[in-house]
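*Asks:* Here you go, query_24.tsv (TSV, C-alpha atoms and all ligand atoms):
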```tsv
chain	number	residue	atom	x	y	z
S	390	MET	CA	-126.52	2.37	67.36
S	391	SER	CA	-125.33	3.39	70.84
S	392	PHE	CA	-126.69	1.90	74.06
S	393	GLY	CA	-128.64	5.10	74.90
S	394	LEU	CA	-130.53	4.86	71.64
S	395	TRP	CA	-131.46	1.23	72.32
S	396	LEU	CA	-132.98	2.46	75.59
S	397	LEU	CA	-135.26	4.68	73.50
S	398	VAL	CA	-136.88	1.68	71.76
S	399	PRO	CA	-139.18	0.73	74.71
S	400	LEU	CA	-140.12	4.40	75.17
S	401	ALA	CA	-140.88	4.70	71.44
S	402	LEU	CA	-142.95	1.50	71.64
S	403	LEU	CA	-144.88	3.04	74.54
S	404	VAL	CA	-145.65	6.08	72.36
S	405	GLY	CA	-146.95	3.69	69.69
S	406	VAL	CA	-149.18	1.98	72.27
S	407	ALA	CA	-150.53	5.39	73.34
S	408	LEU	CA	-151.20	6.47	69.74
S	409	ASN	CA	-153.10	3.22	69.12
S	410	LEU	CA	-155.21	3.68	72.25
S	411	ILE	CA	-156.07	7.25	71.23
S	412	ALA	CA	-156.99	6.07	67.70
S	413	ASP	CA	-159.16	3.30	69.26
S	414	ARG	CA	-160.91	5.77	71.56
S	415	LEU	CA	-161.61	8.18	68.70
S	416	SER	CA	-163.17	5.41	66.64
S	417	PRO	CA	-166.85	4.70	67.35
S	418	ARG	CA	-166.20	0.94	67.19
S	419	GLY	CA	-162.60	0.82	68.33
S	420	VAL	CA	-160.41	-1.68	66.54
S	421	THR	CA	-162.54	-4.77	66.29
S	422	CYS	CA	-162.13	-8.07	64.55
S	423	SER	CA	-164.01	-7.74	61.26
S	424	TYR	CA	-165.39	-11.28	61.65
S	425	CYS	CA	-166.50	-11.76	65.25
S	426	GLY	CA	-166.47	-8.09	66.38
S	427	ARG	CA	-164.12	-8.80	69.30
S	428	ARG	CA	-162.42	-5.62	70.58
S	429	ARG	CA	-158.74	-5.32	71.37
S	430	ASP	CA	-158.50	-6.22	75.05
S	431	CYS	CA	-155.94	-5.03	77.63
S	432	GLY	CA	-153.61	-7.89	76.70
S	433	GLY	CA	-153.71	-6.66	73.13
S	434	ALA	CA	-152.69	-3.08	74.02
S	435	TRP	CA	-149.06	-4.02	73.25
S	436	ALA	CA	-149.97	-4.97	69.72
S	437	VAL	CA	-146.61	-6.36	68.58
S	438	PHE	CA	-146.46	-8.78	71.54
S	439	ALA	CA	-150.15	-9.70	71.22
S	440	TYR	CA	-149.60	-10.35	67.54
S	441	LEU	CA	-146.63	-12.63	68.18
S	442	ARG	CA	-148.32	-14.41	71.09
S	443	ARG	CA	-151.51	-15.12	69.13
S	444	ARG	CA	-149.59	-15.74	65.89
S	445	GLY	CA	-151.57	-12.98	64.16
S	446	ARG	CA	-154.95	-14.59	64.90
S	447	CYS	CA	-157.99	-13.20	66.76
S	448	ALA	CA	-158.52	-14.84	70.16
S	449	GLY	CA	-162.27	-14.96	69.47
S	450	CYS	CA	-162.46	-16.59	66.04
S	451	ALA	CA	-158.90	-17.11	64.68
S	452	ALA	CA	-159.42	-14.53	61.90
S	453	PRO	CA	-156.31	-12.46	61.04
S	454	LEU	CA	-155.72	-9.63	63.59
S	455	PRO	CA	-155.97	-6.02	62.30
S	456	LEU	CA	-152.51	-4.82	61.25
S	457	ARG	CA	-152.83	-1.11	62.07
S	458	PRO	CA	-151.85	-1.37	65.79
S	459	VAL	CA	-148.79	-3.45	64.90
S	460	LEU	CA	-147.69	-1.08	62.11
S	461	VAL	CA	-148.10	2.02	64.31
S	462	GLU	CA	-146.01	0.46	67.10
S	463	LEU	CA	-143.28	-0.65	64.69
S	464	ILE	CA	-143.11	2.75	62.95
S	465	CYS	CA	-142.69	4.44	66.36
S	466	ALA	CA	-140.21	1.87	67.75
S	467	VAL	CA	-137.95	2.17	64.70
S	468	GLY	CA	-138.59	5.80	63.75
S	469	LEU	CA	-138.06	7.59	67.07
S	470	PRO	CA	-134.55	6.20	67.83
S	471	LEU	CA	-133.49	6.85	64.21
S	472	LEU	CA	-134.81	10.41	64.46
S	473	TRP	CA	-132.91	11.00	67.67
S	474	ARG	CA	-129.72	9.56	66.22
S	475	HIS	CA	-130.04	11.98	63.33
S	476	GLU	CA	-131.17	15.09	65.22
S	477	GLY	CA	-129.67	14.56	68.69
S	478	LEU	CA	-131.53	14.92	71.99
S	479	THR	CA	-132.67	18.51	71.50
S	480	LEU	CA	-135.87	20.46	72.07
S	481	GLN	CA	-136.12	20.85	68.31
S	482	ALA	CA	-136.02	17.07	67.85
S	483	ALA	CA	-138.75	16.65	70.51
S	484	PHE	CA	-141.04	19.05	68.63
S	485	LEU	CA	-140.22	17.33	65.35
S	486	ALA	CA	-141.07	13.92	66.86
S	487	ALA	CA	-144.37	15.28	68.24
S	488	TYR	CA	-145.32	16.68	64.80
S	489	LEU	CA	-144.58	13.33	63.15
S	490	PHE	CA	-146.68	11.48	65.77
S	491	VAL	CA	-149.60	13.84	65.09
S	492	LEU	CA	-149.28	13.21	61.32
S	493	LEU	CA	-149.24	9.43	61.93
S	494	LEU	CA	-152.28	9.53	64.23
S	495	LEU	CA	-154.29	11.72	61.82
S	496	SER	CA	-153.39	9.43	58.89
S	497	VAL	CA	-154.83	6.51	60.87
S	498	THR	CA	-158.07	8.28	61.82
S	499	ASP	CA	-158.54	9.58	58.26
S	500	LEU	CA	-157.94	6.14	56.71
S	501	GLU	CA	-160.16	4.31	59.22
S	502	GLN	CA	-162.96	6.81	59.80
S	503	ARG	CA	-162.54	9.42	57.08
S	504	ARG	CA	-162.14	12.20	59.60
S	505	ILE	CA	-159.53	14.51	61.11
S	506	PRO	CA	-160.87	14.75	64.70
S	507	ASN	CA	-160.96	18.21	66.31
S	508	GLU	CA	-159.80	16.56	69.56
S	509	VAL	CA	-156.45	15.96	67.85
S	510	ILE	CA	-156.03	18.74	65.29
S	511	PHE	CA	-156.82	21.69	67.62
S	512	PRO	CA	-154.23	20.72	70.30
S	513	ALA	CA	-151.82	19.98	67.42
S	514	LEU	CA	-152.32	23.50	66.02
S	515	VAL	CA	-151.63	24.97	69.48
S	516	LEU	CA	-148.48	22.83	69.76
S	517	ALA	CA	-147.30	23.98	66.32
S	518	LEU	CA	-147.90	27.64	67.29
S	519	ILE	CA	-145.88	27.17	70.49
S	520	GLY	CA	-143.20	25.33	68.50
S	521	ALA	CA	-142.94	28.25	66.08
S	522	PHE	CA	-141.78	30.51	68.93
S	523	VAL	CA	-139.99	28.06	71.25
S	524	GLN	CA	-138.12	25.96	68.79
S	525	PRO	CA	-134.61	27.21	68.00
S	526	PRO	CA	-133.91	29.02	65.77
S	527	GLY	CA	-137.52	30.12	66.41
S	528	ASP	CA	-138.33	31.20	62.91
S	529	TRP	CA	-141.89	32.24	63.77
S	530	GLN	CA	-142.38	34.51	60.75
S	531	SER	CA	-141.75	31.58	58.41
S	532	ALA	CA	-144.11	29.33	60.40
S	533	LEU	CA	-146.95	31.88	60.52
S	534	LEU	CA	-146.57	32.70	56.83
S	535	GLY	CA	-146.57	28.97	55.97
S	536	GLY	CA	-149.66	28.32	58.14
S	537	THR	CA	-151.59	31.29	56.75
S	538	ALA	CA	-150.73	30.46	53.13
S	539	ALA	CA	-151.79	26.81	53.58
S	540	LEU	CA	-155.03	27.82	55.34
S	541	ALA	CA	-155.90	30.33	52.59
S	542	PHE	CA	-155.09	27.94	49.73
S	543	PHE	CA	-156.96	24.96	51.18
S	544	SER	CA	-159.95	27.11	52.19
S	545	LEU	CA	-160.15	28.19	48.55
S	546	LEU	CA	-159.98	24.54	47.39
S	547	TYR	CA	-162.61	23.61	50.00
S	548	TRP	CA	-165.06	26.28	48.79
S	549	LEU	CA	-164.38	25.36	45.15
S	550	GLY	CA	-165.09	21.72	46.08
S	551	LEU	CA	-168.40	22.69	47.73
S	552	TRP	CA	-169.32	24.80	44.71
S	553	PHE	CA	-168.55	21.96	42.27
S	554	ALA	CA	-170.49	19.51	44.46
S	555	MET	CA	-173.47	21.90	44.36
S	556	LEU	CA	-173.19	22.33	40.58
S	557	LEU	CA	-173.05	18.55	40.07
S	558	ARG	CA	-175.75	17.99	42.72
S	559	ARG	CA	-173.56	15.75	44.83
S	560	ARG	CA	-173.62	15.59	48.56
S	561	VAL	CA	-169.89	15.29	49.19
S	562	SER	CA	-167.09	17.73	48.49
S	563	ALA	CA	-163.66	16.44	47.46
S	564	LEU	CA	-162.06	18.09	50.50
S	565	GLY	CA	-163.32	18.07	54.07
S	566	ALA	CA	-163.01	20.87	56.62
S	567	GLY	CA	-160.57	18.59	58.46
S	568	ASP	CA	-158.23	18.68	55.46
S	569	VAL	CA	-158.17	22.50	55.66
S	570	LYS	CA	-157.17	22.37	59.36
S	571	LEU	CA	-154.56	19.70	58.63
S	572	ALA	CA	-153.13	21.86	55.81
S	573	ALA	CA	-152.82	24.78	58.26
S	574	PHE	CA	-150.93	22.48	60.67
S	575	VAL	CA	-148.62	21.35	57.83
S	576	GLY	CA	-147.97	25.00	56.94
S	577	LEU	CA	-147.12	25.92	60.55
S	578	VAL	CA	-144.67	23.06	61.02
S	579	THR	CA	-142.97	23.21	57.61
S	580	GLY	CA	-142.96	27.04	57.36
S	581	TRP	CA	-142.42	29.14	54.29
S	582	PRO	CA	-141.31	28.09	51.63
S	583	GLY	CA	-141.27	24.45	52.87
S	584	VAL	CA	-145.07	24.41	52.86
S	585	VAL	CA	-145.17	24.79	49.07
S	586	VAL	CA	-143.10	21.62	48.66
S	587	ALA	CA	-145.04	19.76	51.41
S	588	LEU	CA	-148.51	20.54	50.04
S	589	GLY	CA	-147.27	20.07	46.45
S	590	LEU	CA	-145.99	16.59	47.31
S	591	GLY	CA	-149.22	15.81	49.17
S	592	ILE	CA	-151.41	16.90	46.25
S	593	LEU	CA	-149.19	15.04	43.75
S	594	THR	CA	-149.10	11.72	45.66
S	595	GLY	CA	-152.85	12.05	46.34
S	596	ALA	CA	-153.54	12.61	42.64
S	597	ILE	CA	-151.41	9.60	41.64
S	598	ALA	CA	-153.19	7.40	44.21
S	599	ALA	CA	-156.61	8.64	43.02
S	600	LEU	CA	-155.68	7.87	39.40
S	601	VAL	CA	-154.52	4.35	40.29
S	602	LEU	CA	-157.71	3.81	42.33
S	603	ILE	CA	-159.96	5.03	39.50
S	604	LEU	CA	-158.17	2.82	36.93
S	605	GLU	CA	-158.41	-0.19	39.27
S	606	ARG	CA	-162.13	0.37	39.86
S	607	HIS	CA	-162.71	0.86	36.13
S	608	ARG	CA	-160.96	-2.44	35.46
S	609	HIS	CA	-163.28	-4.20	37.89
S	610	GLY	CA	-166.32	-2.27	36.65
S	611	GLU	CA	-166.84	-0.72	40.11
S	612	TYR	CA	-166.17	2.92	39.29
S	613	ARG	CA	-168.87	5.42	40.36
S	614	PRO	CA	-168.34	9.15	39.75
S	615	GLY	CA	-168.26	11.22	42.93
S	616	GLN	CA	-166.47	8.66	45.08
S	617	THR	CA	-163.97	10.32	47.41
S	618	MET	CA	-160.90	9.12	49.22
S	619	PRO	CA	-159.11	10.26	52.39
S	620	TYR	CA	-156.69	13.08	51.63
S	621	GLY	CA	-155.07	13.36	55.08
S	622	PRO	CA	-152.46	10.57	54.69
S	623	PHE	CA	-151.09	12.21	51.52
S	624	LEU	CA	-150.78	15.63	53.16
S	625	ALA	CA	-149.06	13.84	56.06
S	626	ILE	CA	-146.60	12.11	53.71
S	627	GLY	CA	-145.71	15.42	52.02
S	628	ALA	CA	-145.21	17.13	55.39
S	629	ALA	CA	-143.16	14.25	56.84
S	630	LEU	CA	-140.84	14.24	53.80
S	631	VAL	CA	-140.19	17.98	54.11
S	632	LEU	CA	-139.69	17.74	57.90
S	633	LEU	CA	-137.23	14.85	57.58
S	634	LEU	CA	-135.32	15.93	54.46
S	701	ZN	ZN	-162.49	-12.53	65.66
```
If you took the structure in this file and wrote it as C-alpha cells, what would it be?
*Replies:*
Amino acid sequence: MSFGLWLLVPLALLVGVALNLIADRLSPRGVTCSYCGRRRDCGGAWAVFAYLRRRGRCAGCAAPLPLRPVLVELICAVGLPLLWRHEGLTLQAAFLAAYLFVLLLLSVTDLEQRRIPNEVIFPALVLALIGAFVQPPGDWQSALLGGTAALAFFSLLYWLGLWFAMLLRRRVSALGAGDVKLAAFVGLVTGWPGVVVALGLGILTGAIAALVLILERHRHGEYRPGQTMPYGPFLAIGAALVLLL
C-alpha cells in the first residue's frame, strides 16, 4: 500500500467515528452499557482507542463494552483505503464510498432499533439521484429504471405483507415502509439490471438467515409464529456485493 493510502486511514477512521455518533444520536438511548446504563462519553468517541485503553471493559461497571462502535470504525478504516486503491481517487469512487457508508449506517440502525430512519434514507435518496446524473459515465436511465423497479417490487411485497398480517390478525407486517425506501435506494445505486442481482442476493441471504433463526429457536423451544427480523442489513449486503464486484 502506498504512503498516500496510509494517510487515508485516519480520515477513514474519522468517518467511522462520525457514523457512530450519528447512529448514537438516532437511537433513543444512544449506545449504553447494558449493565449499568453508562453512555459512551467523549473519550469513547474514538471507539477503537477507548476499547484498547479500557481493555474492552465499561468504565462504570467493568462489563464488556458494546462492539458496534469498534466494528464500524474498523470497517471504515480498512475498507475506505482498500476501496480507493481499487477504484482510484475519482468522483465515482467518492460516490461509491458514500453509498457504502449509508448502507453500513442503515444496517446498524435497523439491527439496533429495527428502523430505517427518514433522517438518513431521504438525504441518501437525494444523493443517489444526484449520483445518477453526476457520476461518470452518468448512466441515469439505468439508475432511474433500477430505482423504479425496486420501489414497485418492494411496495408490492409491502402491501402483500400488510394483507397477510390482516388475514392472520397480526399486528406486524414482514416488511416495513423503511425497507421499501431502502430498496429504492439500492435500485438507484446499483441500476438496471444490477438491482435484480442486489435484491435477489438480499432476499436470498435474508431467507437463509431467517431459516437458521427459526431452526435455532425451534431447537430451544422459543419459536413463536409472527416474529420478524430486520431486513435492512441483508438488502445492504446484496447492494454492497453488487457495487463492489
Ligand atoms: Zn457498565
*Asks:* Which of these residues is nearest to Ala448 (chain S), using only C-alpha atoms: S:Leu472, S:Leu590, S:Leu463, S:Arg429?
*Replies:* S:Arg429
*Asks:* Rank nothing, just name the residue among S:Cys447, S:Leu403, S:Leu410, S:Ile603 nearest to ligand ZN 701 (chain S), using only C-alpha atoms and all ligand atoms.
*Replies:*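 Smallest separation from ligand ZN 701 (chain S) among the options: S:Cys447.
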*Asks:* Using only C-alpha atoms and all ligand atoms, find each protein or nucleic acid residue lying at most 9 Å from ligand ZN 701 (chain S); present the set as an MDAnalysis selection string.
*Replies:* chainID S and resid 421:428 446:454
*Asks:* Set the distance at 7 Å and use all atoms listed in the file: which residues neighbour Pro619 (chain S) once local chain neighbours fewer than 4 positions away are removed? I'd like the list as a list in words.
*Replies:*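 Once the nearby chain positions are removed, what remains is Asp499, Leu500 and Arg503 of chain S.
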*Asks:* If we count all atoms listed in the file and set the cut-off at 12 Å, which residues sit around Pro458 (chain S), ignoring sequence neighbours fewer than 3 positions away in its own chain? Please answer as a VMD selection string.
*Replies:* chain S and resid 402 404 to 413 419 to 421 429 433 to 440 445 454 to 455 461 to 465 493 to 494 497
*Asks:* Near Tyr488 (chain S), counting only C-alpha atoms, which residues have an atom at most 12 Å away, once you skip same-chain residues fewer than 6 positions from it, shown as a PDB file with C-alpha atoms, keeping the file's coordinate frame?
*Replies:*
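What landed in result.pdb:
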```pdb
ATOM      1  CA  LEU S 469    -138.060   7.590  67.070  1.00  0.00           C
ATOM      2  CA  GLN S 481    -136.120  20.850  68.310  1.00  0.00           C
ATOM      3  CA  ALA S 482    -136.020  17.070  67.850  1.00  0.00           C
ATOM      4  CA  LEU S 494    -152.280   9.530  64.230  1.00  0.00           C
ATOM      5  CA  LEU S 495    -154.290  11.720  61.820  1.00  0.00           C
ATOM      6  CA  VAL S 509    -156.450  15.960  67.850  1.00  0.00           C
ATOM      7  CA  ILE S 510    -156.030  18.740  65.290  1.00  0.00           C
ATOM      8  CA  PRO S 512    -154.230  20.720  70.300  1.00  0.00           C
ATOM      9  CA  ALA S 513    -151.820  19.980  67.420  1.00  0.00           C
ATOM     10  CA  LEU S 514    -152.320  23.500  66.020  1.00  0.00           C
ATOM     11  CA  VAL S 515    -151.630  24.970  69.480  1.00  0.00           C
ATOM     12  CA  LEU S 516    -148.480  22.830  69.760  1.00  0.00           C
ATOM     13  CA  ALA S 517    -147.300  23.980  66.320  1.00  0.00           C
ATOM     14  CA  LEU S 518    -147.900  27.640  67.290  1.00  0.00           C
ATOM     15  CA  ILE S 519    -145.880  27.170  70.490  1.00  0.00           C
ATOM     16  CA  GLY S 520    -143.200  25.330  68.500  1.00  0.00           C
ATOM     17  CA  ALA S 521    -142.940  28.250  66.080  1.00  0.00           C
ATOM     18  CA  LEU S 571    -154.560  19.700  58.630  1.00  0.00           C
ATOM     19  CA  PHE S 574    -150.930  22.480  60.670  1.00  0.00           C
ATOM     20  CA  VAL S 575    -148.620  21.350  57.830  1.00  0.00           C
ATOM     21  CA  GLY S 576    -147.970  25.000  56.940  1.00  0.00           C
ATOM     22  CA  LEU S 577    -147.120  25.920  60.550  1.00  0.00           C
ATOM     23  CA  VAL S 578    -144.670  23.060  61.020  1.00  0.00           C
ATOM     24  CA  THR S 579    -142.970  23.210  57.610  1.00  0.00           C
ATOM     25  CA  ALA S 625    -149.060  13.840  56.060  1.00  0.00           C
ATOM     26  CA  ALA S 628    -145.210  17.130  55.390  1.00  0.00           C
ATOM     27  CA  ALA S 629    -143.160  14.250  56.840  1.00  0.00           C
ATOM     28  CA  VAL S 631    -140.190  17.980  54.110  1.00  0.00           C
ATOM     29  CA  LEU S 632    -139.690  17.740  57.900  1.00  0.00           C
ATOM     30  CA  LEU S 633    -137.230  14.850  57.580  1.00  0.00           C
TER      31      LEU S 633
END
```
*Asks:* Output region 485-498 of chain S as a PDB file, in the coordinates of the input, making sure N, CA and C atoms are there.
*Replies:*
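Printed below is selection.pdb as written:
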```pdb
ATOM      1  N   LEU S 485    -140.145  18.036  66.622  1.00  0.00           N
ATOM      2  CA  LEU S 485    -140.220  17.330  65.350  1.00  0.00           C
ATOM      3  C   LEU S 485    -140.895  15.964  65.526  1.00  0.00           C
ATOM      4  N   ALA S 486    -140.480  15.233  66.587  1.00  0.00           N
ATOM      5  CA  ALA S 486    -141.070  13.920  66.860  1.00  0.00           C
ATOM      6  C   ALA S 486    -142.572  14.064  67.126  1.00  0.00           C
ATOM      7  N   ALA S 487    -142.956  15.082  67.924  1.00  0.00           N
ATOM      8  CA  ALA S 487    -144.370  15.280  68.240  1.00  0.00           C
ATOM      9  C   ALA S 487    -145.175  15.563  66.965  1.00  0.00           C
ATOM     10  N   TYR S 488    -144.619  16.384  66.059  1.00  0.00           N
ATOM     11  CA  TYR S 488    -145.320  16.680  64.800  1.00  0.00           C
ATOM     12  C   TYR S 488    -145.533  15.405  63.987  1.00  0.00           C
ATOM     13  N   LEU S 489    -144.476  14.561  63.950  1.00  0.00           N
ATOM     14  CA  LEU S 489    -144.580  13.330  63.150  1.00  0.00           C
ATOM     15  C   LEU S 489    -145.603  12.366  63.757  1.00  0.00           C
ATOM     16  N   PHE S 490    -145.680  12.321  65.110  1.00  0.00           N
ATOM     17  CA  PHE S 490    -146.680  11.480  65.770  1.00  0.00           C
ATOM     18  C   PHE S 490    -148.091  11.954  65.436  1.00  0.00           C
ATOM     19  N   VAL S 491    -148.281  13.282  65.433  1.00  0.00           N
ATOM     20  CA  VAL S 491    -149.600  13.840  65.090  1.00  0.00           C
ATOM     21  C   VAL S 491    -149.974  13.435  63.659  1.00  0.00           C
ATOM     22  N   LEU S 492    -149.004  13.549  62.728  1.00  0.00           N
ATOM     23  CA  LEU S 492    -149.280  13.210  61.320  1.00  0.00           C
ATOM     24  C   LEU S 492    -149.638  11.727  61.189  1.00  0.00           C
ATOM     25  N   LEU S 493    -148.954  10.870  61.971  1.00  0.00           N
ATOM     26  CA  LEU S 493    -149.240   9.430  61.930  1.00  0.00           C
ATOM     27  C   LEU S 493    -150.647   9.139  62.464  1.00  0.00           C
ATOM     28  N   LEU S 494    -150.969   9.758  63.612  1.00  0.00           N
ATOM     29  CA  LEU S 494    -152.280   9.530  64.230  1.00  0.00           C
ATOM     30  C   LEU S 494    -153.411   9.994  63.299  1.00  0.00           C
ATOM     31  N   LEU S 495    -153.242  11.184  62.689  1.00  0.00           N
ATOM     32  CA  LEU S 495    -154.290  11.720  61.820  1.00  0.00           C
ATOM     33  C   LEU S 495    -154.425  10.906  60.530  1.00  0.00           C
ATOM     34  N   SER S 496    -153.305  10.316  60.054  1.00  0.00           N
ATOM     35  CA  SER S 496    -153.390   9.430  58.890  1.00  0.00           C
ATOM     36  C   SER S 496    -154.246   8.217  59.225  1.00  0.00           C
ATOM     37  N   VAL S 497    -154.055   7.681  60.442  1.00  0.00           N
ATOM     38  CA  VAL S 497    -154.830   6.510  60.870  1.00  0.00           C
ATOM     39  C   VAL S 497    -156.308   6.843  60.970  1.00  0.00           C
ATOM     40  N   THR S 498    -156.646   7.960  61.645  1.00  0.00           N
ATOM     41  CA  THR S 498    -158.070   8.280  61.820  1.00  0.00           C
ATOM     42  C   THR S 498    -158.725   8.589  60.465  1.00  0.00           C
TER      43      THR S 498
END
```
